[in-house]
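Contents: one structure, followed by commentary.
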Amino acid sequence: MPELVELVRAELRAGTLPDYPQSPLPDISALVQGCAQQQLAGYVEADRSRAARIYVLEFQGARQYCMFGRTANLINRVVEHCRAAEPHGYGLLAGWVSPGVDDDAQKLEHVVLNVGGMIHRRPHCRERFYDMPFETGLNIARMVFELNSDWRRRT
C-alpha cells in the first residue's frame with residue numbers, strides 16, 4: 001500500500017485530473033482515498049460512534065497539507081472534507097482519529113491548532129497546514145489527545 005500511496009501522491013502533485021465530471025480524482029487516487037476513509041472509520045468505537053474526537057488528515061494535490069479538526073460525526077465530516085478538496089485536485093491519503101472524548105473536543109482542537117502553528121512556523125489557512133509532513137501532524141494530534149486529562153481518567 002505505501003507504494004500505491006506514493007504513486008497517487010506523484011499523480012496528484014502533477015495535477016493530472018480526468019476529463020469526466022463524476023469524480024475529479026484519477027481512479028487510483030479515488031481508490032486510495034476510499035481506503036483511507038475506511039481506515040478512519042475503523043477508529044470509531046462502536047459503543048461511542050457519536051462521541052466527539054479530534055483528527056488529522058493528509059491531503060495531496062499540487063501541494064500537500066495536513067488538516068486538523070474535531071467532530072462528533074467522523075464519517076460525514078471526512079466525506080465533506082474530501083468533497084471540498086476534490087474539485088481542486090486534492091485527495092485524502094492518510095489520517096488519524098482520536099478515541100471519543102467526554103466534551104465536544106473544541107478545547108482540544110484549539111490546542112492542536114495552536115501547537116501546529118508553533119511547530120510548523122509557516123503560514124497556514126485556518127486548519128490547513130501546507131507542507132506539514134503527516135508524521136508531524138500525527139504527532140501533534142496524538143500528543144494533545146494523550147495529554148488530555150479527561151482521557152487519562154477514563155483509562
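In the C-alpha cells, the first chain shown is A, the next is B, and so on; residue numbers restart at 1 for each chain, and ligands run from 1 in the order shown.
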
**OP:** Would you list the contacts of A:Gly89 as an MDAnalysis selection string, taking every protein, DNA or RNA residue within 12 Å and counting only C-alpha atoms, but skipping same-chain residues closer than 4 positions in sequence?
**Re:** chainID A and resid 8:9 11:18 23:26 29:30 59:64 82:85

Original post:
Which neighbours of A:Ile75 fall inside 9 Å, counting only C-alpha atoms, when residues of the same chain fewer than 6 positions from it are skipped, and could you give them as a ChimeraX atom specification?
Top reply: /A:37-38,40-41

Export of prior selection with N, CA, C and O atoms as an mmCIF file, in the first residue's frame:
```cif
data_model
loop_
_atom_site.group_PDB
_atom_site.id
_atom_site.type_symbol
_atom_site.label_atom_id
_atom_site.label_comp_id
_atom_site.auth_asym_id
_atom_site.auth_seq_id
_atom_site.Cartn_x
_atom_site.Cartn_y
_atom_site.Cartn_z
ATOM 1 N N GLN A 37 -10.489 6.458 3.971
ATOM 2 C CA GLN A 37 -11.759 6.679 4.663
ATOM 3 C C GLN A 37 -12.169 5.444 5.460
ATOM 4 O O GLN A 37 -12.637 5.562 6.598
ATOM 5 N N GLN A 38 -11.978 4.269 4.890
ATOM 6 C CA GLN A 38 -12.307 3.031 5.612
ATOM 7 C C GLN A 38 -11.414 2.846 6.835
ATOM 8 O O GLN A 38 -11.875 2.415 7.890
ATOM 9 N N LEU A 40 -10.067 5.230 8.604
ATOM 10 C CA LEU A 40 -10.540 6.182 9.611
ATOM 11 C C LEU A 40 -11.807 5.682 10.290
ATOM 12 O O LEU A 40 -11.958 5.815 11.507
ATOM 13 N N ALA A 41 -12.710 5.102 9.536
ATOM 14 C CA ALA A 41 -13.953 4.572 10.108
ATOM 15 C C ALA A 41 -13.643 3.487 11.144
ATOM 16 O O ALA A 41 -14.361 3.344 12.134
#
```

**OP:** Would you kindly return, as a ChimeraX atom specification, each protein, DNA or RNA residue with an atom no farther than 12 Å from any atom of stretch 137-149 of chain A, considering only C-alpha atoms and excluding same-chain residues fewer than 4 positions away?
**Re:** /A:52-59,65-70,94-103,105-120,127-133,153-155

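Note that DSSP on the backbone gives strand (DSSP E) to these residues of stretch 27-154 of chain A: A:Arg53, A:Ile54, A:Tyr55, A:Val56, A:Leu57, A:Glu58, A:Phe59, A:Gln60, A:Gln64, A:Tyr65, A:Cys66, A:Met67, A:Phe68, A:Gly69, A:Arg70, A:Thr71, A:Gly91, A:Leu92, A:Leu93, A:Ala94, A:Gly95, A:Trp96, A:Val97, A:Arg128, A:Phe129, A:Tyr130.
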
Go ahead and save the picked residues with C-alpha atoms, as a short mmCIF file (atom, residue, chain, number, x, y, z; two decimals), in the first residue's frame.
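Wrote it out as result-v1.cif, contents follow:
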```cif
data_model
loop_
_atom_site.label_atom_id
_atom_site.label_comp_id
_atom_site.auth_asym_id
_atom_site.auth_seq_id
_atom_site.Cartn_x
_atom_site.Cartn_y
_atom_site.Cartn_z
CA ARG A 53 -12.97 13.36 18.73
CA ILE A 54 -10.07 15.21 17.15
CA TYR A 55 -8.47 14.22 13.86
CA VAL A 56 -5.63 14.93 11.49
CA LEU A 57 -5.93 14.26 7.75
CA GLU A 58 -3.33 14.34 4.98
CA PHE A 59 -4.37 15.65 1.57
CA GLN A 60 -2.23 15.79 -1.55
CA GLN A 64 0.41 18.62 0.39
CA TYR A 65 -1.36 19.68 3.58
CA CYS A 66 -2.39 18.38 6.98
CA MET A 67 -5.80 19.34 8.27
CA PHE A 68 -6.78 19.29 11.93
CA GLY A 69 -10.32 19.31 13.25
CA ARG A 70 -12.93 17.95 15.62
CA THR A 71 -16.21 16.20 15.04
CA GLY A 91 -7.18 13.63 -2.45
CA LEU A 92 -7.08 12.14 1.04
CA LEU A 93 -4.05 9.90 1.59
CA ALA A 94 -3.95 9.26 5.34
CA GLY A 95 -5.47 10.20 8.65
CA TRP A 96 -5.77 9.54 12.36
CA VAL A 97 -8.70 9.98 14.71
CA ARG A 128 -4.91 23.54 6.82
CA PHE A 129 -1.14 23.39 7.31
CA TYR A 130 0.50 23.31 3.87
#
```

**OP:** Could you please write out, as a ChimeraX atom specification, every residue of chain A that DSSP assigns to alpha helix (DSSP H)?
**Re:** /A:2-14,27-41,74-85,106-120,134-146,149-154

Original post:
Using only C-alpha atoms, which residues sit within 9 Å of A:Ser49 once same-chain residues fewer than 4 positions away are excluded, as a PyMOL selection string?
Top reply: chain A and resi 44-45+72-74+100

How would the residues just chosen look if you wrote them out with N, CA, C and O atoms as a PDB file, in the first residue's frame?
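As a result, out.pdb now contains:
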```pdb
ATOM      1  N   VAL A  44     -13.389   4.413  14.958  1.00  0.00           N
ATOM      2  CA  VAL A  44     -14.561   4.788  15.743  1.00  0.00           C
ATOM      3  C   VAL A  44     -15.058   3.590  16.541  1.00  0.00           C
ATOM      4  O   VAL A  44     -15.390   2.552  15.982  1.00  0.00           O
ATOM      5  N   GLU A  45     -15.122   3.768  17.867  1.00  0.00           N
ATOM      6  CA  GLU A  45     -15.602   2.705  18.734  1.00  0.00           C
ATOM      7  C   GLU A  45     -17.107   2.521  18.528  1.00  0.00           C
ATOM      8  O   GLU A  45     -17.853   3.495  18.502  1.00  0.00           O
ATOM      9  N   ALA A  72     -18.148  15.109  15.926  1.00  0.00           N
ATOM     10  CA  ALA A  72     -18.882  14.046  16.609  1.00  0.00           C
ATOM     11  C   ALA A  72     -19.516  13.118  15.577  1.00  0.00           C
ATOM     12  O   ALA A  72     -20.229  12.191  15.922  1.00  0.00           O
ATOM     13  N   ASN A  73     -19.256  13.382  14.307  1.00  0.00           N
ATOM     14  CA  ASN A  73     -19.781  12.568  13.215  1.00  0.00           C
ATOM     15  C   ASN A  73     -18.653  12.385  12.199  1.00  0.00           C
ATOM     16  O   ASN A  73     -18.638  13.024  11.151  1.00  0.00           O
ATOM     17  N   LEU A  74     -17.719  11.526  12.529  1.00  0.00           N
ATOM     18  CA  LEU A  74     -16.473  11.400  11.780  1.00  0.00           C
ATOM     19  C   LEU A  74     -16.667  11.135  10.294  1.00  0.00           C
ATOM     20  O   LEU A  74     -16.111  11.845   9.463  1.00  0.00           O
ATOM     21  N   GLY A 100     -13.059   8.661  21.364  1.00  0.00           N
ATOM     22  CA  GLY A 100     -14.023   9.660  21.795  1.00  0.00           C
ATOM     23  C   GLY A 100     -13.638  10.317  23.100  1.00  0.00           C
ATOM     24  O   GLY A 100     -13.003   9.708  23.954  1.00  0.00           O
TER      25      GLY A 100
END
```

Original post:
Which distance in Å separates atom CA of A:Val32 and atom CA of A:Tyr90, to one decimal?
Top reply: 12.0 Å
